[in-house]
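Raw final-v5.pdb, PDB, C-alpha atoms, pLDDT in the B column:
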ATOM      1  CA  MET A   1       5.101 102.289  37.001  1.00 36.00           C
ATOM      2  CA  ARG A   2       5.751 101.756  33.301  1.00 32.00           C
ATOM      3  CA  LYS A   3       6.532  98.291  32.053  1.00 28.00           C
ATOM      4  CA  TRP A   4       8.713  97.271  29.136  1.00 28.00           C
ATOM      5  CA  CYS A   5       8.245  94.106  27.091  1.00 27.00           C
ATOM      6  CA  VAL A   6      11.450  92.550  25.741  1.00 29.00           C
ATOM      7  CA  LEU A   7      11.163  91.182  22.217  1.00 29.00           C
ATOM      8  CA  PHE A   8      10.956  87.335  21.970  1.00 29.00           C
ATOM      9  CA  THR A   9      10.018  87.045  25.691  1.00 27.00           C
ATOM     10  CA  VAL A  10       6.639  86.213  27.189  1.00 30.00           C
ATOM     11  CA  SER A  11       6.712  88.251  30.374  1.00 32.00           C
ATOM     12  CA  CYS A  12       7.165  91.985  30.833  1.00 34.00           C
ATOM     13  CA  ALA A  13       9.635  93.637  33.190  1.00 38.00           C
ATOM     14  CA  SER A  14       9.187  96.682  35.296  1.00 40.00           C
ATOM     15  CA  GLU A  15      11.222  99.734  34.433  1.00 40.00           C
ATOM     16  CA  GLY A  16      13.627  99.007  37.269  1.00 44.00           C
ATOM     17  CA  HIS A  17      14.571  95.652  35.719  1.00 45.00           C
ATOM     18  CA  THR A  18      14.711  96.771  32.093  1.00 42.00           C
ATOM     19  CA  GLU A  19      18.441  97.477  32.085  1.00 42.00           C
ATOM     20  CA  LEU A  20      19.281  94.033  33.529  1.00 39.00           C
ATOM     21  CA  HIS A  21      17.130  92.189  30.984  1.00 43.00           C
ATOM     22  CA  THR A  22      18.596  94.252  28.152  1.00 39.00           C
ATOM     23  CA  LEU A  23      22.153  93.478  29.290  1.00 39.00           C
ATOM     24  CA  GLU A  24      21.412  89.750  29.481  1.00 41.00           C
ATOM     25  CA  LEU A  25      19.803  89.783  26.027  1.00 36.00           C
ATOM     26  CA  ASN A  26      22.669  91.722  24.471  1.00 43.00           C
ATOM     27  CA  THR A  27      25.232  89.360  26.027  1.00 40.00           C
ATOM     28  CA  HIS A  28      23.351  86.335  24.653  1.00 42.00           C
ATOM     29  CA  MET A  29      23.115  87.909  21.197  1.00 38.00           C
ATOM     30  CA  MET A  30      26.847  88.724  21.160  1.00 37.00           C
ATOM     31  CA  LYS A  31      27.731  85.138  22.062  1.00 39.00           C
ATOM     32  CA  SER A  32      25.446  83.844  19.295  1.00 39.00           C
ATOM     33  CA  LEU A  33      26.900  86.225  16.718  1.00 36.00           C
ATOM     34  CA  LEU A  34      30.437  85.298  17.761  1.00 36.00           C
ATOM     35  CA  ALA A  35      29.664  81.597  17.405  1.00 39.00           C
ATOM     36  CA  LEU A  36      28.087  82.211  13.998  1.00 35.00           C
ATOM     37  CA  ALA A  37      31.083  84.248  12.829  1.00 37.00           C
ATOM     38  CA  LEU A  38      33.475  81.505  13.982  1.00 36.00           C
ATOM     39  CA  LEU A  39      31.417  78.865  12.154  1.00 35.00           C
ATOM     40  CA  LEU A  40      31.431  80.905   8.938  1.00 34.00           C
ATOM     41  CA  LEU A  41      35.176  81.449   9.274  1.00 34.00           C
ATOM     42  CA  LEU A  42      35.849  77.726   9.667  1.00 35.00           C
ATOM     43  CA  THR A  43      33.503  76.885   6.796  1.00 33.00           C
ATOM     44  CA  GLY A  44      35.139  79.460   4.577  1.00 36.00           C
ATOM     45  CA  SER A  45      38.597  78.175   5.440  1.00 35.00           C
ATOM     46  CA  ALA A  46      37.600  74.597   4.630  1.00 40.00           C
ATOM     47  CA  SER A  47      36.046  75.469   1.282  1.00 46.00           C
ATOM     48  CA  ALA A  48      39.001  77.654   0.355  1.00 50.00           C
ATOM     49  CA  GLN A  49      41.538  74.858   0.758  1.00 72.00           C
ATOM     50  CA  ARG A  50      43.326  73.940  -2.446  1.00 86.00           C
ATOM     51  CA  PRO A  51      42.218  70.544  -3.807  1.00 93.00           C
ATOM     52  CA  ARG A  52      44.677  67.757  -3.060  1.00 94.00           C
ATOM     53  CA  HIS A  53      45.829  64.729  -5.028  1.00 95.00           C
ATOM     54  CA  CYS A  54      43.680  61.854  -3.866  1.00 97.00           C
ATOM     55  CA  ARG A  55      43.063  58.127  -4.149  1.00 96.00           C
ATOM     56  CA  THR A  56      39.782  56.411  -5.054  1.00 96.00           C
ATOM     57  CA  PRO A  57      38.295  54.110  -2.381  1.00 97.00           C
ATOM     58  CA  ALA A  58      40.003  50.702  -2.399  1.00 97.00           C
ATOM     59  CA  LEU A  59      36.699  48.889  -3.008  1.00 98.00           C
ATOM     60  CA  LEU A  60      34.282  50.391  -5.496  1.00 97.00           C
ATOM     61  CA  SER A  61      31.265  49.283  -7.553  1.00 98.00           C
ATOM     62  CA  GLY A  62      29.577  51.198 -10.330  1.00 97.00           C
ATOM     63  CA  SER A  63      28.972  51.687 -14.031  1.00 97.00           C
ATOM     64  CA  MET A  64      30.837  53.424 -16.811  1.00 96.00           C
ATOM     65  CA  SER A  65      30.603  54.370 -20.472  1.00 96.00           C
ATOM     66  CA  VAL A  66      33.521  54.549 -22.898  1.00 93.00           C
ATOM     67  CA  SER A  67      33.597  56.106 -26.363  1.00 94.00           C
ATOM     68  CA  ALA A  68      36.272  56.598 -29.013  1.00 91.00           C
ATOM     69  CA  ARG A  69      36.608  57.620 -32.654  1.00 87.00           C
ATOM     70  CA  ASP A  70      34.108  60.453 -32.205  1.00 86.00           C
ATOM     71  CA  GLY A  71      31.553  58.065 -30.752  1.00 87.00           C
ATOM     72  CA  GLN A  72      31.774  55.458 -33.518  1.00 91.00           C
ATOM     73  CA  ASP A  73      33.163  52.971 -30.996  1.00 92.00           C
ATOM     74  CA  TRP A  74      31.424  52.765 -27.631  1.00 94.00           C
ATOM     75  CA  ALA A  75      30.856  50.501 -24.662  1.00 94.00           C
ATOM     76  CA  MET A  76      28.709  50.435 -21.531  1.00 96.00           C
ATOM     77  CA  ALA A  77      29.888  48.449 -18.529  1.00 95.00           C
ATOM     78  CA  LYS A  78      29.348  47.567 -14.904  1.00 97.00           C
ATOM     79  CA  TYR A  79      32.525  47.199 -12.884  1.00 96.00           C
ATOM     80  CA  ARG A  80      33.823  45.968  -9.549  1.00 97.00           C
ATOM     81  CA  TYR A  81      37.167  47.376  -8.381  1.00 97.00           C
ATOM     82  CA  ASP A  82      39.393  45.884  -5.679  1.00 98.00           C
ATOM     83  CA  ALA A  83      42.667  47.724  -5.114  1.00 97.00           C
ATOM     84  CA  ILE A  84      43.530  45.528  -2.125  1.00 97.00           C
ATOM     85  CA  GLY A  85      43.486  42.276  -4.074  1.00 97.00           C
ATOM     86  CA  GLN A  86      44.396  44.014  -7.368  1.00 97.00           C
ATOM     87  CA  ARG A  87      41.331  42.680  -9.171  1.00 97.00           C
ATOM     88  CA  ILE A  88      38.787  44.162 -11.596  1.00 96.00           C
ATOM     89  CA  ARG A  89      35.588  42.589 -12.901  1.00 97.00           C
ATOM     90  CA  VAL A  90      33.807  44.001 -15.948  1.00 95.00           C
ATOM     91  CA  TRP A  91      30.450  43.177 -17.588  1.00 96.00           C
ATOM     92  CA  GLU A  92      29.910  45.117 -20.784  1.00 94.00           C
ATOM     93  CA  PHE A  93      28.350  45.478 -24.189  1.00 94.00           C
ATOM     94  CA  GLY A  94      29.100  47.836 -27.025  1.00 93.00           C
ATOM     95  CA  ASN A  95      29.904  48.423 -30.668  1.00 93.00           C
ATOM     96  CA  VAL A  96      33.365  48.552 -32.263  1.00 90.00           C
ATOM     97  CA  HIS A  97      33.900  48.984 -36.002  1.00 89.00           C
ATOM     98  CA  ASN A  98      30.151  48.476 -36.541  1.00 91.00           C
ATOM     99  CA  ARG A  99      30.184  45.134 -34.747  1.00 93.00           C
ATOM    100  CA  SER A 100      28.334  44.620 -31.472  1.00 93.00           C
ATOM    101  CA  PHE A 101      29.878  42.638 -28.625  1.00 90.00           C
ATOM    102  CA  HIS A 102      29.213  41.391 -25.102  1.00 92.00           C
ATOM    103  CA  LEU A 103      32.040  40.673 -22.676  1.00 91.00           C
ATOM    104  CA  ASN A 104      32.386  39.340 -19.154  1.00 95.00           C
ATOM    105  CA  MET A 105      35.998  39.698 -18.021  1.00 95.00           C
ATOM    106  CA  LEU A 106      37.965  39.183 -14.836  1.00 97.00           C
ATOM    107  CA  PHE A 107      41.401  40.813 -14.467  1.00 96.00           C
ATOM    108  CA  LEU A 108      43.662  39.264 -11.825  1.00 97.00           C
ATOM    109  CA  PHE A 109      46.761  41.448 -11.821  1.00 96.00           C
ATOM    110  CA  ARG A 110      48.694  39.597  -9.125  1.00 95.00           C
ATOM    111  CA  GLU A 111      48.297  36.331 -11.012  1.00 95.00           C
ATOM    112  CA  GLY A 112      48.882  38.020 -14.370  1.00 95.00           C
ATOM    113  CA  VAL A 113      45.737  36.437 -15.855  1.00 96.00           C
ATOM    114  CA  VAL A 114      42.625  37.629 -17.709  1.00 95.00           C
ATOM    115  CA  TYR A 115      39.499  35.458 -17.913  1.00 97.00           C
ATOM    116  CA  SER A 116      36.910  36.047 -20.656  1.00 95.00           C
ATOM    117  CA  MET A 117      33.748  34.169 -19.713  1.00 96.00           C
ATOM    118  CA  ASN A 118      30.490  33.225 -21.373  1.00 93.00           C
ATOM    119  CA  TYR A 119      28.031  31.939 -18.785  1.00 92.00           C
ATOM    120  CA  ARG A 120      25.382  31.072 -21.381  1.00 90.00           C
ATOM    121  CA  ASN A 121      27.671  28.679 -23.248  1.00 91.00           C
ATOM    122  CA  ARG A 122      29.822  27.935 -20.190  1.00 94.00           C
ATOM    123  CA  THR A 123      32.972  28.708 -22.148  1.00 95.00           C
ATOM    124  CA  CYS A 124      36.115  30.455 -20.954  1.00 96.00           C
ATOM    125  CA  GLU A 125      39.336  31.889 -22.356  1.00 96.00           C
ATOM    126  CA  LYS A 126      42.435  32.465 -20.269  1.00 96.00           C
ATOM    127  CA  ASN A 127      45.065  34.961 -21.433  1.00 95.00           C
ATOM    128  CA  PRO A 128      48.278  36.375 -19.972  1.00 96.00           C
ATOM    129  CA  LEU A 129      47.761  39.859 -18.534  1.00 93.00           C
ATOM    130  CA  HIS A 130      50.518  42.177 -19.697  1.00 85.00           C
ATOM    131  CA  ALA A 131      49.981  45.084 -17.332  1.00 83.00           C
ATOM    132  CA  ALA A 132      50.868  46.189 -13.821  1.00 87.00           C
ATOM    133  CA  PHE A 133      48.068  47.179 -11.464  1.00 92.00           C
ATOM    134  CA  HIS A 134      47.735  50.936 -11.041  1.00 87.00           C
ATOM    135  CA  PRO A 135      45.409  52.057  -8.236  1.00 91.00           C
ATOM    136  CA  SER A 136      42.752  54.539  -9.291  1.00 93.00           C
ATOM    137  CA  ARG A 137      44.108  57.873  -8.081  1.00 94.00           C
ATOM    138  CA  ILE A 138      45.242  61.324  -9.117  1.00 96.00           C
ATOM    139  CA  PRO A 139      49.011  61.042  -9.763  1.00 93.00           C
ATOM    140  CA  HIS A 140      51.310  63.270  -7.705  1.00 94.00           C
ATOM    141  CA  ASP A 141      52.623  64.973 -10.849  1.00 95.00           C
ATOM    142  CA  ALA A 142      49.128  65.890 -12.093  1.00 97.00           C
ATOM    143  CA  SER A 143      48.291  69.591 -12.355  1.00 97.00           C
ATOM    144  CA  LEU A 144      45.021  71.042 -11.120  1.00 97.00           C
ATOM    145  CA  LEU A 145      43.008  72.468 -14.000  1.00 96.00           C
ATOM    146  CA  GLY A 146      40.159  73.788 -11.879  1.00 96.00           C
ATOM    147  CA  GLN A 147      37.345  73.175  -9.412  1.00 96.00           C
ATOM    148  CA  VAL A 148      33.725  73.553 -10.525  1.00 96.00           C
ATOM    149  CA  VAL A 149      30.206  72.626  -9.492  1.00 96.00           C
ATOM    150  CA  LEU A 150      28.423  70.278 -11.888  1.00 96.00           C
ATOM    151  CA  GLY A 151      24.769  71.238 -11.988  1.00 95.00           C
ATOM    152  CA  GLY A 152      23.693  74.186  -9.847  1.00 94.00           C
ATOM    153  CA  SER A 153      24.921  75.916  -6.705  1.00 91.00           C
ATOM    154  CA  SER A 154      21.857  77.954  -5.717  1.00 93.00           C
ATOM    155  CA  ALA A 155      20.627  75.446  -3.144  1.00 92.00           C
ATOM    156  CA  PRO A 156      21.954  72.360  -1.335  1.00 90.00           C
ATOM    157  CA  GLY A 157      21.752  69.186  -3.401  1.00 90.00           C
ATOM    158  CA  GLU A 158      21.647  70.952  -6.767  1.00 94.00           C
ATOM    159  CA  GLY A 159      25.238  70.301  -7.744  1.00 95.00           C
ATOM    160  CA  LEU A 160      28.376  68.229  -7.314  1.00 96.00           C
ATOM    161  CA  LEU A 161      31.740  69.764  -6.414  1.00 96.00           C
ATOM    162  CA  VAL A 162      34.479  68.255  -8.591  1.00 97.00           C
ATOM    163  CA  ASN A 163      38.165  68.776  -9.356  1.00 97.00           C
ATOM    164  CA  THR A 164      39.717  68.348 -12.801  1.00 98.00           C
ATOM    165  CA  TRP A 165      43.371  67.367 -13.153  1.00 98.00           C
ATOM    166  CA  THR A 166      45.598  67.068 -16.197  1.00 97.00           C
ATOM    167  CA  GLY A 167      48.856  65.298 -16.899  1.00 96.00           C
ATOM    168  CA  ASP A 168      50.991  63.255 -19.290  1.00 94.00           C
ATOM    169  CA  VAL A 169      51.531  59.513 -19.678  1.00 88.00           C
ATOM    170  CA  PRO A 170      55.203  59.114 -20.707  1.00 87.00           C
ATOM    171  CA  GLN A 171      54.837  55.378 -21.400  1.00 80.00           C
ATOM    172  CA  THR A 172      52.368  55.987 -24.243  1.00 82.00           C
ATOM    173  CA  GLY A 173      53.086  59.600 -25.131  1.00 88.00           C
ATOM    174  CA  GLY A 174      49.502  60.378 -24.187  1.00 91.00           C
ATOM    175  CA  LYS A 175      47.807  62.958 -22.012  1.00 95.00           C
ATOM    176  CA  TYR A 176      44.700  62.949 -19.863  1.00 95.00           C
ATOM    177  CA  LEU A 177      42.104  65.024 -18.051  1.00 96.00           C
ATOM    178  CA  ALA A 178      40.630  63.327 -14.991  1.00 97.00           C
ATOM    179  CA  THR A 179      37.678  64.651 -13.002  1.00 98.00           C
ATOM    180  CA  VAL A 180      36.922  63.364  -9.495  1.00 97.00           C
ATOM    181  CA  THR A 181      34.604  64.435  -6.699  1.00 97.00           C
ATOM    182  CA  GLU A 182      36.046  66.789  -4.094  1.00 96.00           C
ATOM    183  CA  PHE A 183      34.607  64.621  -1.332  1.00 95.00           C
ATOM    184  CA  GLY A 184      35.409  60.925  -1.639  1.00 96.00           C
ATOM    185  CA  CYS A 185      37.659  61.144  -4.725  1.00 97.00           C
ATOM    186  CA  LEU A 186      35.113  59.201  -6.779  1.00 97.00           C
ATOM    187  CA  PRO A 187      35.814  59.181 -10.535  1.00 97.00           C
ATOM    188  CA  VAL A 188      33.465  61.272 -12.658  1.00 97.00           C
ATOM    189  CA  SER A 189      35.119  61.299 -16.093  1.00 97.00           C
ATOM    190  CA  THR A 190      38.436  60.743 -17.854  1.00 95.00           C
ATOM    191  CA  LEU A 191      39.604  62.039 -21.227  1.00 95.00           C
ATOM    192  CA  TYR A 192      42.658  60.200 -22.567  1.00 94.00           C
ATOM    193  CA  TYR A 193      44.492  61.066 -25.800  1.00 93.00           C
ATOM    194  CA  THR A 194      47.179  59.454 -27.906  1.00 89.00           C
ATOM    195  CA  GLU A 195      47.979  59.946 -31.576  1.00 88.00           C
ATOM    196  CA  GLN A 196      47.116  56.318 -32.251  1.00 83.00           C
ATOM    197  CA  SER A 197      43.725  56.197 -30.503  1.00 82.00           C
ATOM    198  CA  GLY A 198      42.644  59.830 -30.523  1.00 91.00           C
ATOM    199  CA  TRP A 199      40.381  60.864 -27.644  1.00 93.00           C
ATOM    200  CA  VAL A 200      38.946  58.111 -25.447  1.00 92.00           C
ATOM    201  CA  ILE A 201      36.195  59.458 -23.177  1.00 95.00           C
ATOM    202  CA  THR A 202      35.124  57.587 -20.051  1.00 95.00           C
ATOM    203  CA  SER A 203      32.220  58.621 -17.825  1.00 97.00           C
ATOM    204  CA  TYR A 204      31.490  57.022 -14.445  1.00 97.00           C
ATOM    205  CA  PHE A 205      28.145  56.863 -12.662  1.00 97.00           C
ATOM    206  CA  ASN A 206      26.185  55.034  -9.943  1.00 97.00           C
ATOM    207  CA  ALA A 207      29.329  54.546  -7.864  1.00 97.00           C
ATOM    208  CA  VAL A 208      29.005  52.828  -4.487  1.00 97.00           C
ATOM    209  CA  THR A 209      31.871  52.329  -2.060  1.00 97.00           C
ATOM    210  CA  GLY A 210      32.458  48.627  -1.386  1.00 97.00           C
ATOM    211  CA  VAL A 211      31.821  45.351  -3.193  1.00 96.00           C
ATOM    212  CA  GLU A 212      28.647  43.513  -2.271  1.00 94.00           C
ATOM    213  CA  ASP A 213      29.759  40.039  -3.434  1.00 95.00           C
ATOM    214  CA  PRO A 214      33.522  39.321  -3.247  1.00 94.00           C
ATOM    215  CA  GLU A 215      32.991  36.030  -5.105  1.00 95.00           C
ATOM    216  CA  GLN A 216      32.594  38.080  -8.272  1.00 96.00           C
ATOM    217  CA  PHE A 217      36.394  38.208  -8.281  1.00 97.00           C
ATOM    218  CA  LEU A 218      36.653  34.404  -8.479  1.00 96.00           C
ATOM    219  CA  PRO A 219      36.691  32.631 -11.872  1.00 96.00           C
ATOM    220  CA  PRO A 220      33.775  30.193 -12.358  1.00 95.00           C
ATOM    221  CA  SER A 221      34.243  26.435 -12.178  1.00 95.00           C
ATOM    222  CA  PHE A 222      34.176  26.011 -15.973  1.00 95.00           C
ATOM    223  CA  CYS A 223      37.404  28.071 -16.176  1.00 96.00           C
ATOM    224  CA  GLU A 224      39.453  25.742 -13.947  1.00 92.00           C
ATOM    225  CA  ASP A 225      41.062  23.478 -16.574  1.00 91.00           C
ATOM    226  CA  VAL A 226      41.247  25.991 -19.408  1.00 95.00           C
ATOM    227  CA  PRO A 227      44.743  26.210 -20.971  1.00 95.00           C
ATOM    228  CA  MET A 228      46.514  29.548 -21.243  1.00 95.00           C
ATOM    229  CA  GLU A 229      46.190  31.264 -24.621  1.00 94.00           C
ATOM    230  CA  GLU A 230      49.231  32.762 -26.325  1.00 91.00           C
ATOM    231  CA  GLU A 231      47.771  36.206 -26.951  1.00 91.00           C
ATOM    232  CA  THR A 232      48.657  38.731 -24.246  1.00 89.00           C
ATOM    233  CA  LEU A 233      45.994  41.233 -23.191  1.00 84.00           C
ATOM    234  CA  ASP A 234      45.883  44.454 -21.173  1.00 77.00           C
ATOM    235  CA  PHE A 235      43.049  46.236 -19.410  1.00 74.00           C
ATOM    236  CA  PHE A 236      41.989  48.182 -22.507  1.00 67.00           C
ATOM    237  CA  SER A 237      41.298  44.841 -24.215  1.00 64.00           C
ATOM    238  CA  ALA A 238      37.993  44.925 -22.360  1.00 61.00           C
ATOM    239  CA  PHE A 239      36.889  47.915 -24.414  1.00 61.00           C
ATOM    240  CA  PHE A 240      38.620  48.304 -27.794  1.00 55.00           C
TER
END

Would you mind giving the structure from this file in structure tokens?
Amino acid sequence: MRKWCVLFTVSCASEGHTELHTLELNTHMMKSLLALALLLLLTGSASAQRPRHCRTPALLSGSMSVSARDGQDWAMAKYRYDAIGQRIRVWEFGNVHNRSFHLNMLFLFREGVVYSMNYRNRTCEKNPLHAAFHPSRIPHDASLLGQVVLGGSSAPGEGLLVNTWTGDVPQTGGKYLATVTEFGCLPVSTLYYTEQSGWVITSYFNAVTGVEDPEQFLPPSFCEDVPMEEETLDFFSAFF
């Protein structure tokens, strides 16, 4: 009696059992192909969804670079962002109008106060903060410019899927382009334009969700008895 060997099996079957083995194999293959097709369908549906307006994580740590006046003015900074307590801490250095600077600033929006601190000299300035806290997010009236992959898309891990949004800022007469990650809504870059300032370009990197040390949002002891200055500042005072 002839025997038939079924591919991917160890044992052979006699001719009388060939049809049964073939039926079982075909049934198994059909189930596998159906499951694969369903998985591809779900994956395709997920990737084809239109990007949505999103909000950056409430607690975020990272670094950023800011440039203006065609790169003549620039700054590099580390930041800590707390949308829950409405607080931002910035450590930075840069060059504005050919003058270098170092700043260590704490913005407390609920209290309406900005602290500028120098730990080396243990000096502190306290100014009124003339700005409302605006959570880092894509505004609801922003328009989607497009979705692209930064880097490559030939293999996993080669690129980063991002969405770019554009909109206007009626309060200043400005406009912006904001790019965030598709997954996580982490900021990647922002281009902001007004007639007065021209283009201000901000790039974000090394972002980590969370804040490792919440005490970074507390002013140091040498700021306790400092009187309030008359000059009012806003968040952009940390840069230009």

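For the set A:Thr172, A:Met105, A:Glu182, A:Gly62, the residue with the smallest atom-to-atom gap to Gly146 in chain A is A:Glu182, counting all atoms listed in the file.
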
As AutoDock Vina command-line options, please report the centre and edge lengths, rounded to one decimal in Å, of the axis-aligned box that holds all listed atoms of range 169-174 of chain A with 5 Å of padding on each of the six sides.
--center_x 52.4 --center_y 57.9 --center_z -22.4 --size_x 15.7 --size_y 15.0 --size_z 15.5

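Reported to one decimal place, the separation of CA of Asp73 in chain A from CA of Asn163 in chain A is 27.3 Å.
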
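Residue nearest Gly167 in chain A within the list A:Val96, A:Val114, A:Leu60, A:Ile138: A:Ile138 [criterion: smallest interatomic distance, only C-alpha atoms].
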
Exercise. What would the list of residues within 8 Å of (29.2, 45.2, -21.7) (file frame) look like as a ChimeraX atom specification, if all atoms listed in the file are what count?
Worked result: /A:75-78,90-94,101-104
